[in-house]
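Novice: One file is attached below, input_31.pdb, containing PDB, C-alpha atoms and all ligand atoms.
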MODEL        1
ATOM      1  CA  MET K   1       3.708 -11.443 -26.654
ATOM      2  CA  ASN K   2       6.599 -12.369 -24.397
ATOM      3  CA  HIS K   3       4.626 -12.633 -21.177
ATOM      4  CA  ILE K   4       2.671 -15.772 -22.009
ATOM      5  CA  LYS K   5       1.358 -17.719 -19.070
ATOM      6  CA  ASN K   6      -1.187 -20.492 -18.859
ATOM      7  CA  ASN K   7      -3.636 -18.431 -16.877
ATOM      8  CA  LYS K   8      -6.401 -16.664 -18.767
ATOM      9  CA  ILE K   9      -8.627 -13.900 -17.497
ATOM     10  CA  SER K  10     -11.642 -16.102 -18.307
ATOM     11  CA  ASN K  11     -10.408 -18.593 -15.670
ATOM     12  CA  HIS K  12      -9.402 -15.970 -13.142
ATOM     13  CA  LYS K  13     -11.052 -15.336  -9.765
ATOM     14  CA  CYS K  14     -10.745 -11.910  -8.168
ATOM     15  CA  ARG K  15      -8.121 -11.939  -5.420
ATOM     16  CA  VAL K  16     -10.355  -9.802  -3.212
ATOM     17  CA  CYS K  17     -13.942 -11.002  -3.751
ATOM     18  CA  ASN K  18     -13.585 -14.274  -5.706
ATOM     19  CA  GLN K  19     -15.910 -13.101  -8.517
ATOM     20  CA  THR K  20     -15.089 -13.748 -12.158
ATOM     21  CA  ASP K  21     -16.380 -10.745 -14.106
ATOM     22  CA  PHE K  22     -13.769  -8.211 -15.258
ATOM     23  CA  LYS K  23     -13.484  -5.341 -17.699
ATOM     24  CA  ILE K  24     -10.346  -3.847 -19.212
ATOM     25  CA  TRP K  25      -9.344  -0.730 -17.263
ATOM     26  CA  GLY K  26      -6.112   0.251 -19.038
ATOM     27  CA  LYS K  27      -2.904  -0.882 -20.728
ATOM     28  CA  LYS K  28       0.676  -0.060 -19.857
ATOM     29  CA  ASP K  29       3.946  -1.383 -21.343
ATOM     30  CA  ASP K  30       1.988  -4.084 -23.229
ATOM     31  CA  GLN K  31       0.440  -5.241 -19.968
ATOM     32  CA  VAL K  32      -3.299  -5.145 -19.411
ATOM     33  CA  LEU K  33      -5.036  -3.757 -16.332
ATOM     34  CA  TYR K  34      -8.405  -5.315 -15.499
ATOM     35  CA  GLN K  35     -11.054  -4.166 -13.053
ATOM     36  CA  CYS K  36     -13.328  -6.458 -11.080
ATOM     37  CA  THR K  37     -16.913  -5.371 -11.760
ATOM     38  CA  ASN K  38     -17.919  -6.435  -8.254
ATOM     39  CA  CYS K  39     -15.308  -4.986  -5.842
ATOM     40  CA  GLN K  40     -13.514  -2.456  -8.133
ATOM     41  CA  LEU K  41     -10.075  -4.078  -7.649
ATOM     42  CA  VAL K  42      -7.771  -3.111 -10.535
ATOM     43  CA  PHE K  43      -4.816  -5.396 -11.276
ATOM     44  CA  PHE K  44      -2.239  -6.265 -13.905
ATOM     45  CA  PHE K  45      -3.073  -9.577 -15.534
ATOM     46  CA  PRO K  46      -1.379 -11.988 -15.844
ATOM     47  CA  TYR K  47      -0.064 -11.257 -12.364
ATOM     48  CA  PRO K  48       3.722 -11.412 -12.008
ATOM     49  CA  THR K  49       4.963 -14.397 -10.034
ATOM     50  CA  GLN K  50       6.633 -14.053  -6.620
ATOM     51  CA  GLU K  51       9.936 -14.985  -8.325
ATOM     52  CA  GLU K  52       9.590 -12.093 -10.765
ATOM     53  CA  LEU K  53       8.839  -9.705  -7.896
ATOM     54  CA  ASP K  54      11.829 -11.011  -5.898
ATOM     55  CA  ILE K  55      14.129 -10.201  -8.813
ATOM     56  CA  PHE K  56      12.707  -6.686  -8.865
ATOM     57  CA  TYR K  57      13.089  -6.126  -5.099
ATOM     58  CA  ASN K  58      16.602  -7.505  -4.999
ATOM     59  CA  SER K  59      17.775  -4.913  -7.507
ATOM     60  CA  ASN K  60      18.671  -2.238  -4.945
ATOM     61  CA  TYR K  61      15.058  -1.181  -4.393
ATOM     62  CA  HIS K  62      15.503   0.588  -1.059
ATOM     63  CA  ASN K  63      18.625   2.528  -1.909
ATOM     64  CA  VAL K  64      17.184   4.063  -5.070
ATOM     65  CA  ARG K  65      14.146   5.180  -3.120
ATOM     66  CA  GLY K  66      16.183   7.241  -0.679
ATOM     67  CA  TYR K  67      14.572   5.630   2.359
ATOM     68  CA  ASP K  68      17.413   6.777   4.556
ATOM     69  CA  GLY K  69      16.406  10.413   4.174
ATOM     70  CA  ASN K  70      19.802  11.689   3.036
ATOM     71  CA  ASN K  71      18.511  13.387  -0.104
ATOM     72  CA  LYS K  72      15.612  15.591  -1.136
ATOM     73  CA  ALA K  73      13.201  12.690  -1.757
ATOM     74  CA  GLY K  74      14.148  11.279   1.634
ATOM     75  CA  GLU K  75      13.549  14.658   3.272
ATOM     76  CA  LEU K  76      10.033  14.909   1.772
ATOM     77  CA  ARG K  77       9.352  11.358   2.838
ATOM     78  CA  LYS K  78      10.320  12.231   6.426
ATOM     79  CA  ARG K  79       7.899  15.178   6.431
ATOM     80  CA  MET K  80       5.227  12.834   5.102
ATOM     81  CA  TYR K  81       6.000  10.301   7.850
ATOM     82  CA  LEU K  82       5.515  12.984  10.493
ATOM     83  CA  LEU K  83       2.064  13.793   9.098
ATOM     84  CA  ASP K  84       1.193  10.101   8.923
ATOM     85  CA  VAL K  85       2.263   9.519  12.515
ATOM     86  CA  LYS K  86       0.116  12.473  13.591
ATOM     87  CA  GLU K  87      -2.868  10.962  11.754
ATOM     88  CA  VAL K  88      -2.312   7.476  13.225
ATOM     89  CA  GLU K  89      -2.027   8.856  16.743
ATOM     90  CA  SER K  90      -5.169  10.977  16.344
ATOM     91  CA  ILE K  91      -7.292   8.053  15.073
ATOM     92  CA  VAL K  92      -5.922   5.140  17.121
ATOM     93  CA  PRO K  93      -6.825   5.760  20.782
ATOM     94  CA  ILE K  94      -4.743   2.913  22.209
ATOM     95  CA  LYS K  95      -1.020   2.276  22.700
ATOM     96  CA  GLY K  96       0.667  -1.102  22.695
ATOM     97  CA  LYS K  97       2.437  -3.346  20.216
ATOM     98  CA  PHE K  98       2.828  -1.720  16.777
ATOM     99  CA  LEU K  99       3.982  -3.851  13.833
ATOM    100  CA  ASP K 100       5.119  -2.060  10.681
ATOM    101  CA  VAL K 101       4.953  -4.477   7.726
ATOM    102  CA  GLY K 102       7.465  -3.629   4.996
ATOM    103  CA  CYS K 103       9.292  -1.380   7.458
ATOM    104  CA  ALA K 104      12.432  -1.021   5.273
ATOM    105  CA  GLU K 105      15.097   0.695   7.435
ATOM    106  CA  GLY K 106      12.567   1.469  10.170
ATOM    107  CA  VAL K 107      12.391   5.220   9.516
ATOM    108  CA  PHE K 108       8.622   5.408   9.997
ATOM    109  CA  LEU K 109       8.877   3.619  13.352
ATOM    110  CA  THR K 110      11.456   6.109  14.628
ATOM    111  CA  PHE K 111       8.828   8.885  14.346
ATOM    112  CA  LEU K 112       6.232   7.023  16.407
ATOM    113  CA  ASN K 113       5.677   7.986  20.022
ATOM    114  CA  SER K 114       8.037   6.045  22.305
ATOM    115  CA  LYS K 115       5.014   4.786  24.287
ATOM    116  CA  TRP K 116       4.513   2.232  21.495
ATOM    117  CA  GLU K 117       6.378  -1.047  21.552
ATOM    118  CA  LYS K 118       7.784  -0.996  18.015
ATOM    119  CA  PHE K 119       8.170  -4.002  15.731
ATOM    120  CA  GLY K 120       9.091  -4.098  12.050
ATOM    121  CA  ILE K 121       9.312  -6.820   9.411
ATOM    122  CA  ASP K 122      10.651  -6.648   5.868
ATOM    123  CA  VAL K 123      11.759  -9.043   3.134
ATOM    124  CA  SER K 124      15.074  -7.220   2.751
ATOM    125  CA  LYS K 125      17.721  -8.543   5.189
ATOM    126  CA  GLU K 126      19.905  -5.529   4.520
ATOM    127  CA  ALA K 127      17.099  -3.116   5.398
ATOM    128  CA  ILE K 128      16.321  -5.104   8.556
ATOM    129  CA  SER K 129      19.923  -4.998   9.724
ATOM    130  CA  ARG K 130      19.797  -1.183   9.439
ATOM    131  CA  ALA K 131      16.406  -1.018  11.174
ATOM    132  CA  SER K 132      17.773  -3.131  14.048
ATOM    133  CA  GLU K 133      20.470  -0.520  14.703
ATOM    134  CA  LYS K 134      17.829   2.071  15.542
ATOM    135  CA  PRO K 135      17.000   2.335  19.255
ATOM    136  CA  GLY K 136      13.685   0.881  20.439
ATOM    137  CA  ILE K 137      12.922  -1.106  17.279
ATOM    138  CA  LYS K 138      12.645  -4.880  17.098
ATOM    139  CA  ALA K 139      13.115  -5.715  13.428
ATOM    140  CA  TYR K 140      13.024  -9.088  11.721
ATOM    141  CA  ALA K 141      13.507 -10.373   8.162
ATOM    142  CA  LYS K 142      10.267 -12.320   8.365
ATOM    143  CA  ASP K 143       7.006 -12.746   6.524
ATOM    144  CA  ILE K 144       3.840 -11.769   8.382
ATOM    145  CA  SER K 145       2.859 -15.447   8.540
ATOM    146  CA  GLU K 146       5.918 -16.067  10.760
ATOM    147  CA  VAL K 147       5.164 -13.576  13.560
ATOM    148  CA  GLU K 148       3.201 -14.303  16.760
ATOM    149  CA  ASP K 149      -0.570 -14.815  16.695
ATOM    150  CA  ASN K 150      -3.017 -12.643  18.639
ATOM    151  CA  PHE K 151      -0.170 -10.356  19.690
ATOM    152  CA  TYR K 152      -0.316  -6.914  18.052
ATOM    153  CA  ASP K 153      -2.484  -3.875  18.798
ATOM    154  CA  VAL K 154      -1.705  -2.312  15.433
ATOM    155  CA  ILE K 155      -0.551  -3.767  12.127
ATOM    156  CA  HIS K 156       0.472  -0.995   9.752
ATOM    157  CA  LEU K 157       1.445  -1.100   6.074
ATOM    158  CA  ARG K 158       2.534   2.102   4.418
ATOM    159  CA  GLY K 159       2.814   2.081   0.635
ATOM    160  CA  VAL K 160       2.989  -1.711   0.806
ATOM    161  CA  PHE K 161      -0.474  -3.180   0.223
ATOM    162  CA  GLU K 162      -0.409  -2.486  -3.536
ATOM    163  CA  HIS K 163       2.733  -4.664  -3.826
ATOM    164  CA  ILE K 164       1.099  -7.729  -2.262
ATOM    165  CA  LEU K 165       0.139 -10.477  -4.721
ATOM    166  CA  PHE K 166      -2.660 -12.016  -2.608
ATOM    167  CA  PRO K 167      -4.419  -9.249  -0.621
ATOM    168  CA  ASP K 168      -7.217 -11.572   0.502
ATOM    169  CA  GLU K 169      -4.769 -14.048   2.021
ATOM    170  CA  PHE K 170      -2.757 -11.225   3.586
ATOM    171  CA  ILE K 171      -5.794  -9.791   5.404
ATOM    172  CA  SER K 172      -6.725 -13.195   6.715
ATOM    173  CA  ILE K 173      -3.194 -13.719   8.125
ATOM    174  CA  ALA K 174      -3.040 -10.168   9.539
ATOM    175  CA  ARG K 175      -6.318 -10.831  11.360
ATOM    176  CA  LYS K 176      -4.748 -13.812  13.159
ATOM    177  CA  LYS K 177      -1.815 -11.677  14.298
ATOM    178  CA  LEU K 178      -3.988  -8.893  15.732
ATOM    179  CA  LYS K 179      -5.676  -8.811  19.115
ATOM    180  CA  THR K 180      -9.464  -8.370  19.063
ATOM    181  CA  GLY K 181     -10.113  -4.635  18.809
ATOM    182  CA  GLY K 182      -6.704  -4.152  17.171
ATOM    183  CA  TYR K 183      -6.186  -1.885  14.183
ATOM    184  CA  LEU K 184      -5.137  -2.838  10.681
ATOM    185  CA  ILE K 185      -3.919   0.326   8.955
ATOM    186  CA  ILE K 186      -3.574   0.133   5.175
ATOM    187  CA  SER K 187      -1.796   3.437   4.720
ATOM    188  CA  THR K 188      -0.980   5.444   1.613
ATOM    189  CA  THR K 189      -2.133   3.101  -1.116
ATOM    190  CA  PRO K 190      -3.340   4.243  -4.569
ATOM    191  CA  ASN K 191      -7.101   4.980  -4.650
ATOM    192  CA  ILE K 192      -8.235   3.775  -8.045
ATOM    193  CA  SER K 193     -11.635   5.457  -7.740
ATOM    194  CA  GLY K 194     -10.196   8.952  -7.256
ATOM    195  CA  ILE K 195     -11.069  11.632  -9.821
ATOM    196  CA  VAL K 196      -7.553  11.791 -11.275
ATOM    197  CA  PRO K 197      -6.857   8.009 -11.423
ATOM    198  CA  SER K 198     -10.296   7.477 -13.031
ATOM    199  CA  LEU K 199      -9.488  10.080 -15.662
ATOM    200  CA  PHE K 200      -5.821   9.276 -16.346
ATOM    201  CA  ARG K 201      -6.120   5.468 -16.068
ATOM    202  CA  GLU K 202      -2.687   3.966 -16.960
ATOM    203  CA  ARG K 203      -1.178   7.461 -16.934
ATOM    204  CA  TYR K 204      -2.034   7.756 -13.217
ATOM    205  CA  LYS K 205       1.464   8.163 -11.835
ATOM    206  CA  LEU K 206       1.211   5.295  -9.360
ATOM    207  CA  VAL K 207       0.326   2.696 -12.016
ATOM    208  CA  LEU K 208       3.627   0.785 -12.066
ATOM    209  CA  PRO K 209       3.890  -2.608 -13.795
ATOM    210  CA  ASN K 210       5.715  -5.322 -11.781
ATOM    211  CA  GLU K 211       5.676  -3.073  -8.754
ATOM    212  CA  HIS K 212       2.115  -2.101  -7.897
ATOM    213  CA  VAL K 213       0.212  -5.264  -8.738
ATOM    214  CA  ASN K 214      -3.178  -4.400  -7.129
ATOM    215  CA  TYR K 215      -5.092  -1.109  -6.860
ATOM    216  CA  PHE K 216      -7.890  -0.522  -4.354
ATOM    217  CA  SER K 217     -10.750   1.869  -3.673
ATOM    218  CA  PRO K 218     -12.939   2.404  -0.585
ATOM    219  CA  VAL K 219     -15.343  -0.164  -2.132
ATOM    220  CA  THR K 220     -12.563  -2.772  -2.462
ATOM    221  CA  ILE K 221     -11.480  -2.083   1.112
ATOM    222  CA  SER K 222     -15.065  -2.524   2.344
ATOM    223  CA  HIS K 223     -15.222  -5.946   0.635
ATOM    224  CA  LEU K 224     -11.984  -6.981   2.353
ATOM    225  CA  ALA K 225     -13.210  -5.700   5.726
ATOM    226  CA  LYS K 226     -16.585  -7.414   5.464
ATOM    227  CA  ASN K 227     -15.134 -10.739   4.272
ATOM    228  CA  HIS K 228     -12.593 -10.909   7.100
ATOM    229  CA  GLY K 229     -14.424  -9.664  10.191
ATOM    230  CA  PHE K 230     -13.177  -6.087  10.342
ATOM    231  CA  SER K 231     -15.142  -2.879  10.777
ATOM    232  CA  ILE K 232     -14.012   0.257   8.976
ATOM    233  CA  GLU K 233     -13.163   2.928  11.517
ATOM    234  CA  LYS K 234     -12.083   5.554   9.001
ATOM    235  CA  ILE K 235     -10.809   6.105   5.454
ATOM    236  CA  THR K 236      -8.684   9.197   4.857
ATOM    237  CA  PHE K 237      -7.289  10.734   1.660
ATOM    238  CA  PRO K 238      -3.908  12.250   2.519
ATOM    239  CA  TYR K 239      -3.155  15.161   0.175
ATOM    240  CA  PHE K 240      -3.787  18.576   1.740
ATOM    241  CA  ASN K 241      -0.859  19.684   3.935
ATOM    242  CA  THR K 242       1.413  17.005   2.449
ATOM    243  CA  PRO K 243       4.782  18.088   0.997
ATOM    244  CA  TYR K 244       3.621  16.662  -2.359
ATOM    245  CA  SER K 245       0.578  18.902  -2.787
ATOM    246  CA  SER K 246       0.144  22.311  -4.329
ATOM    247  CA  PHE K 247      -3.593  22.602  -4.854
ATOM    248  CA  LEU K 248      -3.896  25.296  -7.533
ATOM    249  CA  LYS K 249      -0.877  24.079  -9.486
ATOM    250  CA  ASP K 250      -2.149  20.490  -9.311
ATOM    251  CA  LEU K 251      -5.668  21.528 -10.306
ATOM    252  CA  PHE K 252      -4.297  23.427 -13.303
ATOM    253  CA  SER K 253      -2.084  20.460 -14.253
ATOM    254  CA  ILE K 254      -5.032  18.074 -14.509
ATOM    255  CA  PRO K 255      -6.349  19.316 -17.903
ATOM    256  CA  VAL K 256      -2.885  20.366 -19.136
ATOM    257  CA  ASN K 257      -1.269  16.977 -18.420
ATOM    258  CA  TYR K 258      -4.334  15.119 -19.605
ATOM    259  CA  PHE K 259      -4.449  16.754 -23.034
ATOM    260  CA  GLN K 260      -0.663  16.698 -23.442
ATOM    261  CA  GLY K 261      -0.626  12.942 -22.791
ATOM    262  CA  LYS K 262       1.502  13.306 -19.655
ATOM    263  CA  ALA K 263       1.321  11.480 -16.328
ATOM    264  CA  SER K 264      -1.179  12.604 -13.680
ATOM    265  CA  PRO K 265      -0.337  15.287 -11.095
ATOM    266  CA  PRO K 266      -0.815  14.664  -7.365
ATOM    267  CA  PHE K 267      -4.375  15.413  -6.244
ATOM    268  CA  TRP K 268      -6.916  14.897  -3.504
ATOM    269  CA  LYS K 269      -8.195  11.281  -3.390
ATOM    270  CA  ASN K 270      -5.267   9.925  -5.458
ATOM    271  CA  ILE K 271      -4.277   7.889  -2.410
ATOM    272  CA  LEU K 272      -6.147   6.494   0.573
ATOM    273  CA  SER K 273      -5.440   5.264   4.078
ATOM    274  CA  ALA K 274      -7.870   2.816   5.669
ATOM    275  CA  TYR K 275      -8.236   2.143   9.419
ATOM    276  CA  LEU K 276      -9.869  -1.229  10.084
ATOM    277  CA  ILE K 277     -10.683  -2.748  13.478
ATOM    278  CA  LYS K 278     -10.694  -6.510  14.155
ATOM    279  CA  LYS K 279     -14.136  -7.456  15.426
TER     280      LYS K 279
HETATM  281 ZN    ZN F   1     -13.433  -8.404  -6.897
ENDMDL
END
Could you spell out this file's structure in structure tokens?
Ligand SMILES: [Zn+2]

Specialist:
Amino acid sequence: MNHIKNNKISNHKCRVCNQTDFKIWGKKDDQVLYQCTNCQLVFFFPYPTQEELDIFYNSNYHNVRGYDGNNKAGELRKRMYLLDVKEVESIVPIKGKFLDVGCAEGVFLTFLNSKWEKFGIDVSKEAISRASEKPGIKAYAKDISEVEDNFYDVIHLRGVFEHILFPDEFISIARKKLKTGGYLIISTTPNISGIVPSLFRERYKLVLPNEHVNYFSPVTISHLAKNHGFSIEKITFPYFNTPYSSFLKDLFSIPVNYFQGKASPPFWKNILSAYLIKK
């Protein structure tokens, strides 16, 4: 084993609920996925270190993903952003200061109604310099711990929460940055309790070693909310109407892919978006 670290699962405390009882959930690329028996959090263990993740993110992460929208993947992503913005604006009744965490080049923010005051942060300086060029966006290469306290009406993370090594710590910091009554939106994160992820386990397409380190479910989210003084306003499962869904084809692909040993197809409840309110 070339991934030896001093930490053992028998000494580990869940990074969401602090409990110590885990079962093996899956294995991928010689790495083991465990599930907390209390809060349902699924995670690769040993966790990668921040240094290992930094090496991964520095290797041209944003360009390969087509975040700028100049290719087919980028085009689909834009259509998805439009749907997400529509959902956010239908659930969040207020307008004010909107912080997008992990904003990359700021594409999501450009789709938001101009009534919002738009802020974005990202670890990538290159992405932030591109985001800053877009009108109406204040973008900074900062960590969430470095932004103003008690300042934002909405803190939004899209496809980001599963990359965060310490979700418990993140929620506690995000709470400090929000105004009372403000929204924390954990958008588009894998839902480990969905029918397809439960069936496919490590062949669930969003199980990505060194990239997606933690996997949540509505139960995990409710633990985080309860432990940090948030109420859950709504949990949605974006799938229908998205450019990635084709219900009958996806339904048919579930048994076919499963028995052929392939990766999972997209499906309802594969991903979730949670809307939490700071009490
Ligand atoms: Zn737990």

Novice: Give me, please, the distance in Å between atom CA of K:Cys103 and atom CA of K:Ile55, quoted to one decimal.

Specialist: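 If I compute the distance from atom CA of K:Cys103 to atom CA of K:Ile55, I get 19.1 Å.
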
Novice: Given the file shown, enumerate the residues that the PyMOL selection byres (((not hetatm)) within 7 of (chain F and resi 1)) captures and present them as a PyMOL selection string.

Specialist: chain K and resi 14-19+36-41

Novice: Considering only C-alpha atoms, state which residue in the set K:Leu99, K:Val88, K:Ala263, K:Ile192 is at the smallest distance from K:Phe119.

Specialist: K:Leu99

Novice: Report as a list in words the full result of the PyMOL selection byres (((chain K and resi 277) around 7) and not hetatm) when it is applied to this structure.

Specialist: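 Residues picked by the PyMOL selection byres (((chain K and resi 277) around 7) and not hetatm): Gly181, Gly182, Tyr183, Leu184, Phe230, Ser231, Ile232, Glu233, Tyr275, Leu276, Lys278 and Lys279 of chain K.
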
Novice: Can you list what the PyMOL selection byres (((chain K and resi 202) around 9) and not hetatm) grabs from this structure, as a VMD selection string?

Specialist: chain K and resid 25 to 28 33 197 200 to 201 203 to 208 263

Novice: For the interface of stretch 102-158 of chain K with stretch 269-273 of chain K (cut-off 12 Å, counting only C-alpha atoms), please tabulate each contacting residue of stretch 102-158 of chain K alongside its nearest pair of atoms and their separation in Å to one decimal, rows sorted by chain and increasing number, as CSV.

Specialist:
residue,atom,partner,partner_atom,distance
K:His156,CA,K:Ser273,CA,10.3
K:Leu157,CA,K:Ser273,CA,9.6
K:Arg158,CA,K:Ser273,CA,8.6

Novice: From the options K:Phe161, K:Phe45, K:Tyr34, K:Tyr140, which residue's atoms come nearest to K:Phe216, counting all atoms listed in the file?

Specialist: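 Residue with the minimum atom-to-atom distance to K:Phe216: K:Phe161.
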